[in-house]
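J.: Below is the structure I would like to discuss, written out as C-alpha cells.
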There are 2 protein chains.
Amino acid sequence: MTSPIAFTGHDLDRDDHARADPEQLAALRARDDARLVALDGVMPRFDESGLLFTDLSGIGDDAELVYLGLRDGAPLFVAVPTEGDLRPAITMRETMMALIQLPATEVALFGGARSIADWHARHRFCAQCGGPTKIAKGGWQRGCTACEAQHFPRVDPVAIMLVEHEGSLLVGRGLGWPERSYSALAGFIEPGESIEEGVKREVWEEVGVRVRDVSYIASQPWPFPSQLMIGCHGFADSRDLTIDETEIDDAQWFTRAQIEDAMVNGKDAQSFIPPPRTAIAHYLLQHWLEKTA
Amino acid sequence: MTSPIAFTGHDLDRDDHARADPEQLAALRARDDARLVALDGVMPRFDESGLLFTDLSGIGDDAELVYLGLRDGAPLFVAVPTEGDLRPAITMRETMMALIQLPATEVALFGGARSIADWHARHRFCAQCGGPTKIAKGGWQRGCTACEAQHFPRVDPVAIMLVEHEGSLLVGRGLGWPERSYSALAGFIEPGESIEEGVKREVWEEVGVRVRDVSYIASQPWPFPSQLMIGCHGFADSRDLTIDETEIDDAQWFTRAQIEDAMVNGKDAQSFIPPPRTAIAHYLLQHWLEKTA
C-alpha cells in the first residue's frame, strides 16, 4: 500500500467562523488551553514528544498571531516571525529528518503553520501602494493601512508529472541536486493555462517531449514556502529528449525494474536515488508501481 | 459531447527561453509583425473579426510590456495598464457576452493576457519592503528596486465541486446572485491542505455536509483576476444542510431530471438557472449528466 502523502492529514478544525469575529478571537486567545506552534524563524521546534507547543503567556497583546483553528477542542495559533527571526538555526535537512519521525498530523500541522507565518512575514507592505499592512481576519488576510487593499494568503499551484512511454518513466535531476538523484519533472502553473496545459508546457520546455492524455493522481501542500503540488501522469509518443540545461541538469527514461530498484533500495539502488518520502514524487512513483504491478 | 472549457486551449508558444534574454526580447519587440493584445484597462477590446490586436508603433521604449509568446510565429505582447486605466468602459456582462462569440483560442488568449496584466498593475510595490518594483523576465517576474526581492505572477487555486447523494447533486447560490441561479460550491484552497482536503473543508463550512471519495474532473484558468479552478466530485452520506448564510444565500439538492432541465432549458428551466457556459461548473454538470446517462 502507498504510504500517506506528507503534509496532508492535518487534524485541525479550521473554525473559519471565528476568523471574522474580533471578540471571539480575543476570547480564544485568552483561553487557558490556547497554544502556540513554536517556530524557529519559520522552521519547527521540537521537544521529546514531537512538535513543541507553548502557552501564550509570553505573547504581547499587539503580537501578530494567526488563528489556525481548534485541535482537540483547544485553540491553536502561530506567531508571525518578526523581521530578525527568519534565519533559523536548524537546516532544511535536519528539519526533514526530524519531521519524518512525527505522526502525519503533526507534519501537516507544521506545514500549514509555516506557510501562513512565512506569508505574513513577507507581506508587511501593500503590493498595490507600498503602504504598511496589518494582520486581519485572525491571520487569514492582511489589510493595507494606507489604501485599504485586502491581501490573501498565497498558494502557488505546481504541476508535477510522471511521463510514461512503453512501460518506462521519464524523470529528471534539478540543477545542483545530489549525484544520481532523479525525481518527477515539475513547474509552476502559469496564468492562462489549465493543469493539463501546464503539464504539457513544462515537459515540452524542460525536455522537448510532447505529452498527451494527462490525468490527475494526487495533490500535496508543500510548505517551502507554500506550493500546491498537483501530481499528474501523461503519455509520451517518443523518447527523444532535448534537455533545457538552464532548467534541469539531466533527464532519463527508466524501466519499471529500474524504478522498482530505486524505490526499494533508496540510496543503495543501482539505477538512481529516488525522491525522499516527504515529496509527492515519491508517492507518485509508488502509486505507479502498484498500479502497473 | 461536453463542450470545451472556456479559457483553456490557447494557441501560444510561450517561448519561455526568450524571457530571460533582454536582447532577444528587444529584438522581438522591434519586429514588424509584433502585436499587442489591446485592452481597455484589463478588459478586452474587439474589432469586427474578434479580439483587437494593434501594432507597437505607439508604445514607448519604457512602457512595461509582457511577452506572451509566439502566435503563428509572430511575437505577441500585452501592456501593463497604467494606474488610471483599471476602470474599463465595458462591463463584465458585456465582456462575457462578447467573449463567448469568439473562438476558444481567442478567449484563452485574452484570459491569460488579462491575468498577467492585472497582476503587474496590482504589484507595483514590494510586499517585503514597500519599495517600487519593476518588470523583469519579459513580464514573468517583477523585481524590487530597493531590496531586490523577486516576485512571480500569482495563480490562486480554487476547489469547485459537485457533491452527489443517491443520484442528486448539491448546488448553491452565492450572495447577491440573480434569482433562481445555482452553481457548484467553491472556495480557495488554503495553505496546509491538499485539493481533496480543501473540497471537504469548503463543503463542511458552507453547508455542513461531510464529503468522501473526492475525485478530480477537470481544471480551468479563470481570469477575474487569476484563479485556477480545480473541478472535483465527491459523495455525501446525508442530505441535511446547515447553510452558512455569511457565505452563501442558499443550497439545494436537485435530481438528475432537474439538472437536465436546467442544462437543456437554461433561463427557461423549471428547476433552476444553471451556471453560464464560460464557467467550469457548466462543464462539470454536463460531464456528470453524460457520465450518469
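Each chain of the C-alpha cells is named A, B, ... in the order shown, its residues numbered from 1; ligands are numbered from 1 in display order.
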Counting only C-alpha atoms, which residues from chain A have an atom at most 6 Å from any atom of chain B, and could you show them as a list in words?
T.: Gly111, Gly112, Arg122, His123, Arg124, Phe125, Cys126, Ala127, Gln128, Gly130, Pro191, Gly192, Glu193, Ser194, Ser219, Gln220 and Pro221 of chain A
J.: Take the selection from the previous step and output its residues with N, CA, C and O atoms, as a PDB file, in the first residue's frame.
T.:
ATOM      1  N   GLY A 111       3.350  22.175   8.510  1.00  0.00           N
ATOM      2  CA  GLY A 111       3.380  22.695   7.143  1.00  0.00           C
ATOM      3  C   GLY A 111       2.452  23.889   6.959  1.00  0.00           C
ATOM      4  O   GLY A 111       2.854  24.937   6.457  1.00  0.00           O
ATOM      5  N   GLY A 112       1.213  23.732   7.385  1.00  0.00           N
ATOM      6  CA  GLY A 112       0.255  24.829   7.244  1.00  0.00           C
ATOM      7  C   GLY A 112       0.656  26.047   8.051  1.00  0.00           C
ATOM      8  O   GLY A 112       0.546  27.192   7.591  1.00  0.00           O
ATOM      9  N   ARG A 122       6.477  37.994   4.879  1.00  0.00           N
ATOM     10  CA  ARG A 122       6.927  38.535   3.594  1.00  0.00           C
ATOM     11  C   ARG A 122       5.915  39.489   2.951  1.00  0.00           C
ATOM     12  O   ARG A 122       6.067  39.871   1.790  1.00  0.00           O
ATOM     13  N   HIS A 123       4.866  39.803   3.690  1.00  0.00           N
ATOM     14  CA  HIS A 123       3.835  40.697   3.136  1.00  0.00           C
ATOM     15  C   HIS A 123       3.484  41.809   4.117  1.00  0.00           C
ATOM     16  O   HIS A 123       2.325  42.109   4.343  1.00  0.00           O
ATOM     17  N   ARG A 124       4.520  42.450   4.675  1.00  0.00           N
ATOM     18  CA  ARG A 124       4.286  43.535   5.632  1.00  0.00           C
ATOM     19  C   ARG A 124       3.937  44.836   4.919  1.00  0.00           C
ATOM     20  O   ARG A 124       3.590  45.829   5.557  1.00  0.00           O
ATOM     21  N   PHE A 125       4.028  44.825   3.581  1.00  0.00           N
ATOM     22  CA  PHE A 125       3.721  46.031   2.801  1.00  0.00           C
ATOM     23  C   PHE A 125       2.745  45.690   1.688  1.00  0.00           C
ATOM     24  O   PHE A 125       2.643  44.541   1.257  1.00  0.00           O
ATOM     25  N   CYS A 126       2.042  46.712   1.225  1.00  0.00           N
ATOM     26  CA  CYS A 126       0.990  46.554   0.229  1.00  0.00           C
ATOM     27  C   CYS A 126       1.599  46.572  -1.170  1.00  0.00           C
ATOM     28  O   CYS A 126       2.274  47.542  -1.538  1.00  0.00           O
ATOM     29  N   ALA A 127       1.354  45.523  -1.947  1.00  0.00           N
ATOM     30  CA  ALA A 127       1.895  45.450  -3.304  1.00  0.00           C
ATOM     31  C   ALA A 127       1.256  46.493  -4.220  1.00  0.00           C
ATOM     32  O   ALA A 127       1.831  46.869  -5.238  1.00  0.00           O
ATOM     33  N   GLN A 128       0.078  47.001  -3.842  1.00  0.00           N
ATOM     34  CA  GLN A 128      -0.597  47.986  -4.687  1.00  0.00           C
ATOM     35  C   GLN A 128      -0.089  49.407  -4.468  1.00  0.00           C
ATOM     36  O   GLN A 128       0.043  50.171  -5.409  1.00  0.00           O
ATOM     37  N   GLY A 130       2.416  50.221  -1.607  1.00  0.00           N
ATOM     38  CA  GLY A 130       3.651  50.303  -0.823  1.00  0.00           C
ATOM     39  C   GLY A 130       3.438  50.657   0.642  1.00  0.00           C
ATOM     40  O   GLY A 130       4.398  50.720   1.408  1.00  0.00           O
ATOM     41  N   PRO A 191      -0.491  31.843 -15.294  1.00  0.00           N
ATOM     42  CA  PRO A 191      -1.791  32.416 -15.626  1.00  0.00           C
ATOM     43  C   PRO A 191      -2.178  32.012 -17.057  1.00  0.00           C
ATOM     44  O   PRO A 191      -1.318  31.965 -17.936  1.00  0.00           O
ATOM     45  N   GLY A 192      -3.449  31.704 -17.263  1.00  0.00           N
ATOM     46  CA  GLY A 192      -3.912  31.409 -18.620  1.00  0.00           C
ATOM     47  C   GLY A 192      -3.767  29.971 -19.052  1.00  0.00           C
ATOM     48  O   GLY A 192      -3.927  29.677 -20.236  1.00  0.00           O
ATOM     49  N   GLU A 193      -3.466  29.058 -18.124  1.00  0.00           N
ATOM     50  CA  GLU A 193      -3.418  27.644 -18.530  1.00  0.00           C
ATOM     51  C   GLU A 193      -4.061  26.765 -17.471  1.00  0.00           C
ATOM     52  O   GLU A 193      -4.046  27.075 -16.280  1.00  0.00           O
ATOM     53  N   SER A 194      -4.641  25.647 -17.939  1.00  0.00           N
ATOM     54  CA  SER A 194      -5.196  24.642 -17.043  1.00  0.00           C
ATOM     55  C   SER A 194      -4.061  23.790 -16.489  1.00  0.00           C
ATOM     56  O   SER A 194      -2.902  23.920 -16.915  1.00  0.00           O
ATOM     57  N   SER A 219      -2.622  15.243  -4.771  1.00  0.00           N
ATOM     58  CA  SER A 219      -2.066  16.576  -4.521  1.00  0.00           C
ATOM     59  C   SER A 219      -1.472  16.659  -3.124  1.00  0.00           C
ATOM     60  O   SER A 219      -1.746  15.816  -2.264  1.00  0.00           O
ATOM     61  N   GLN A 220      -0.658  17.693  -2.914  1.00  0.00           N
ATOM     62  CA  GLN A 220       0.067  17.864  -1.646  1.00  0.00           C
ATOM     63  C   GLN A 220       0.345  19.348  -1.400  1.00  0.00           C
ATOM     64  O   GLN A 220       0.840  20.023  -2.293  1.00  0.00           O
ATOM     65  N   PRO A 221       0.068  19.822  -0.195  1.00  0.00           N
ATOM     66  CA  PRO A 221       0.537  21.175   0.146  1.00  0.00           C
ATOM     67  C   PRO A 221       2.012  21.076   0.526  1.00  0.00           C
ATOM     68  O   PRO A 221       2.375  20.240   1.363  1.00  0.00           O
TER      69      PRO A 221
END
J.: Pull the strand (DSSP E or B) assignments for segment 37-285 of chain A out of DSSP run on the backbone, and list those residues as a VMD selection string.
T.: chain A and resid 37 39 to 40 43 to 44 46 to 47 50 to 51 53 to 54 65 to 71 74 to 79 125 132 to 136 141 to 144 150 to 151 156 to 165 168 to 174 181 183 185 to 188 211 to 222 227 to 236 248 to 254 273
J.: Closest to Glu106 of chain A among A:Ala146, A:Leu51, A:Met92, A:Leu56, using only C-alpha atoms?
T.: A:Leu51
J.: Considering only C-alpha atoms, return as a ChimeraX atom specification whatever protein or nucleic-acid residues lie within 10 Å of Thr255 of chain B, sequence-local ones (same chain, fewer than 6 positions apart) excluded.
T.: /B:164-170,261,271
J.: Grab the residues selected above and save them as an mmCIF file, in the first residue's frame with C-alpha atoms.
T.:
data_model
loop_
_atom_site.group_PDB
_atom_site.id
_atom_site.type_symbol
_atom_site.label_atom_id
_atom_site.label_comp_id
_atom_site.auth_asym_id
_atom_site.auth_seq_id
_atom_site.Cartn_x
_atom_site.Cartn_y
_atom_site.Cartn_z
ATOM 1 C CA GLU B 164 -23.590 13.722 -5.001
ATOM 2 C CA HIS B 165 -26.068 11.772 -2.877
ATOM 3 C CA GLU B 166 -28.135 8.924 -4.306
ATOM 4 C CA GLY B 167 -28.290 10.400 -7.786
ATOM 5 C CA SER B 168 -28.888 14.018 -6.764
ATOM 6 C CA LEU B 169 -26.396 16.876 -6.749
ATOM 7 C CA LEU B 170 -25.895 19.676 -4.244
ATOM 8 C CA ASP B 261 -33.937 20.505 -17.245
ATOM 9 C CA SER B 271 -35.802 23.762 -11.767
#
J.: Let's see if you can do this: from backbone DSSP, list all helix (DSSP H, G or I) residues in segment 194-287 of chain A, as a PyMOL selection string.
T.: chain A and resi 195-207+256-268+280-287
J.: Please produce an output containing N, CA and C atoms for each residue in the selection, written as a tab-separated table (two decimals), in the first residue's frame.
T.:
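Saved result, again-v3.tsv, follows:
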chain	number	residue	atom	x	y	z
A	195	ILE	N	-4.38	22.90	-15.56
A	195	ILE	CA	-3.37	21.97	-15.03
A	195	ILE	C	-2.78	21.15	-16.18
A	196	GLU	N	-3.66	20.63	-17.03
A	196	GLU	CA	-3.22	19.75	-18.12
A	196	GLU	C	-2.33	20.52	-19.09
A	197	GLU	N	-2.67	21.77	-19.37
A	197	GLU	CA	-1.83	22.59	-20.25
A	197	GLU	C	-0.49	22.90	-19.61
A	198	GLY	N	-0.49	23.11	-18.29
A	198	GLY	CA	0.76	23.35	-17.57
A	198	GLY	C	1.68	22.13	-17.64
A	199	VAL	N	1.11	20.96	-17.46
A	199	VAL	CA	1.89	19.72	-17.55
A	199	VAL	C	2.57	19.63	-18.92
A	200	LYS	N	1.78	19.81	-19.96
A	200	LYS	CA	2.31	19.67	-21.33
A	200	LYS	C	3.40	20.71	-21.60
A	201	ARG	N	3.17	21.96	-21.19
A	201	ARG	CA	4.15	23.02	-21.45
A	201	ARG	C	5.45	22.75	-20.71
A	202	GLU	N	5.36	22.38	-19.44
A	202	GLU	CA	6.57	22.17	-18.65
A	202	GLU	C	7.44	21.06	-19.25
A	203	VAL	N	6.80	19.95	-19.62
A	203	VAL	CA	7.58	18.83	-20.17
A	203	VAL	C	8.19	19.24	-21.50
A	204	TRP	N	7.43	19.96	-22.30
A	204	TRP	CA	7.95	20.44	-23.58
A	204	TRP	C	9.15	21.37	-23.36
A	205	GLU	N	9.01	22.32	-22.42
A	205	GLU	CA	10.09	23.27	-22.17
A	205	GLU	C	11.35	22.59	-21.62
A	206	GLU	N	11.16	21.66	-20.69
A	206	GLU	CA	12.32	21.09	-19.99
A	206	GLU	C	13.03	20.01	-20.78
A	207	VAL	N	12.27	19.18	-21.50
A	207	VAL	CA	12.92	18.05	-22.19
A	207	VAL	C	12.50	17.87	-23.64
A	256	ARG	N	10.56	-0.04	-15.62
A	256	ARG	CA	9.84	-0.36	-14.39
A	256	ARG	C	10.77	-1.04	-13.38
A	257	ALA	N	11.64	-1.94	-13.87
A	257	ALA	CA	12.57	-2.65	-12.97
A	257	ALA	C	13.54	-1.67	-12.32
A	258	GLN	N	14.02	-0.71	-13.07
A	258	GLN	CA	14.94	0.28	-12.51
A	258	GLN	C	14.25	1.16	-11.46
A	259	ILE	N	12.99	1.49	-11.73
A	259	ILE	CA	12.24	2.32	-10.78
A	259	ILE	C	11.96	1.53	-9.50
A	260	GLU	N	11.63	0.26	-9.67
A	260	GLU	CA	11.42	-0.60	-8.50
A	260	GLU	C	12.70	-0.68	-7.68
A	261	ASP	N	13.82	-0.87	-8.34
A	261	ASP	CA	15.13	-0.91	-7.66
A	261	ASP	C	15.33	0.38	-6.84
A	262	ALA	N	15.07	1.53	-7.47
A	262	ALA	CA	15.26	2.81	-6.77
A	262	ALA	C	14.36	2.91	-5.54
A	263	MET	N	13.09	2.55	-5.73
A	263	MET	CA	12.12	2.73	-4.63
A	263	MET	C	12.36	1.73	-3.50
A	264	VAL	N	12.85	0.54	-3.83
A	264	VAL	CA	13.09	-0.47	-2.80
A	264	VAL	C	14.41	-0.20	-2.09
A	265	ASN	N	15.44	0.17	-2.87
A	265	ASN	CA	16.79	0.24	-2.30
A	265	ASN	C	17.27	1.64	-1.95
A	266	GLY	N	16.50	2.65	-2.34
A	266	GLY	CA	16.85	4.02	-1.95
A	266	GLY	C	18.26	4.39	-2.37
A	267	LYS	N	19.04	4.88	-1.43
A	267	LYS	CA	20.40	5.35	-1.75
A	267	LYS	C	21.32	4.23	-2.23
A	268	ASP	N	20.94	2.97	-1.95
A	268	ASP	CA	21.77	1.85	-2.39
A	268	ASP	C	21.35	1.30	-3.74
A	280	ILE	N	5.87	14.46	-2.91
A	280	ILE	CA	4.76	13.78	-3.59
A	280	ILE	C	5.29	12.93	-4.74
A	281	ALA	N	6.46	13.26	-5.29
A	281	ALA	CA	7.05	12.45	-6.36
A	281	ALA	C	7.27	11.02	-5.88
A	282	HIS	N	7.64	10.86	-4.62
A	282	HIS	CA	7.81	9.52	-4.03
A	282	HIS	C	6.48	8.76	-4.10
A	283	TYR	N	5.43	9.44	-3.68
A	283	TYR	CA	4.09	8.83	-3.72
A	283	TYR	C	3.69	8.49	-5.16
A	284	LEU	N	3.96	9.37	-6.09
A	284	LEU	CA	3.56	9.15	-7.48
A	284	LEU	C	4.26	7.91	-8.05
A	285	LEU	N	5.55	7.76	-7.75
A	285	LEU	CA	6.29	6.60	-8.25
A	285	LEU	C	5.77	5.31	-7.62
A	286	GLN	N	5.51	5.35	-6.31
A	286	GLN	CA	5.00	4.18	-5.61
A	286	GLN	C	3.61	3.80	-6.15
A	287	HIS	N	2.77	4.80	-6.34
A	287	HIS	CA	1.44	4.61	-6.89
A	287	HIS	C	1.51	3.97	-8.28
J.: Between A:Ala159, A:Ser57, A:Ala20, A:Met97, single out the one closest to Thr278 of chain A, counting only C-alpha atoms.
T.: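 The closest residue to Thr278 of chain A is A:Met97.
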J.: Neighbours of Leu68 of chain A within 8 Å (only C-alpha atoms; same-chain residues fewer than 2 positions away dropped), as a PyMOL selection string?
T.: chain A and resi 12+14+66+70+75-78+113
J.: Output the selection as a CSV table (one decimal), in the first residue's frame - N, CA, C and O atoms for each residue.
T.:
chain,number,residue,atom,x,y,z
A,12,LEU,N,-6.9,19.6,12.3
A,12,LEU,CA,-7.5,20.8,12.8
A,12,LEU,C,-8.9,21.0,12.3
A,12,LEU,O,-9.2,20.7,11.2
A,14,ARG,N,-10.6,24.1,11.3
A,14,ARG,CA,-10.1,25.4,11.0
A,14,ARG,C,-11.0,26.5,11.5
A,14,ARG,O,-10.7,27.7,11.5
A,66,VAL,N,-1.7,34.2,14.1
A,66,VAL,CA,-2.6,33.6,13.2
A,66,VAL,C,-3.4,32.5,13.9
A,66,VAL,O,-2.8,31.6,14.6
A,70,LEU,N,-9.1,24.9,15.9
A,70,LEU,CA,-9.2,24.1,17.1
A,70,LEU,C,-8.5,22.7,16.9
A,70,LEU,O,-8.8,22.1,15.9
A,75,PRO,N,-7.7,26.0,21.2
A,75,PRO,CA,-7.3,26.9,20.2
A,75,PRO,C,-5.8,26.9,19.9
A,75,PRO,O,-5.1,26.9,20.9
A,76,LEU,N,-5.5,26.9,18.7
A,76,LEU,CA,-4.1,26.8,18.3
A,76,LEU,C,-3.7,28.0,17.4
A,76,LEU,O,-4.4,28.4,16.5
A,77,PHE,N,-2.6,28.6,17.7
A,77,PHE,CA,-2.1,29.8,17.0
A,77,PHE,C,-0.7,29.6,16.5
A,77,PHE,O,0.0,28.7,17.0
A,78,VAL,N,-0.2,30.5,15.6
A,78,VAL,CA,1.2,30.6,15.2
A,78,VAL,C,1.5,32.1,15.2
A,78,VAL,O,0.7,32.9,14.7
A,113,ALA,N,1.1,25.8,9.3
A,113,ALA,CA,1.6,26.9,10.1
A,113,ALA,C,2.7,27.7,9.5
A,113,ALA,O,2.8,28.9,9.5
J.: Find the distance between atom CA of Met161 of chain A and atom CA of Gly139 of chain B and write it in Å to one decimal.
T.: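 Pair atom CA of Met161 of chain A / atom CA of Gly139 of chain B returns 26.0 Å.
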J.: Could you list, as a tab-separated table (two decimals) with C-alpha atoms, in the first residue's frame, every residue within 7 Å of Ile248 of chain B, counting only C-alpha atoms and ignoring same-chain residues fewer than 5 positions away?
T.:
chain	number	residue	atom	x	y	z
B	173	ARG	CA	-26.33	30.30	-4.72
B	174	GLY	CA	-23.78	32.99	-3.92
B	175	LEU	CA	-24.85	36.13	-2.07
B	206	GLU	CA	-20.67	26.27	3.59
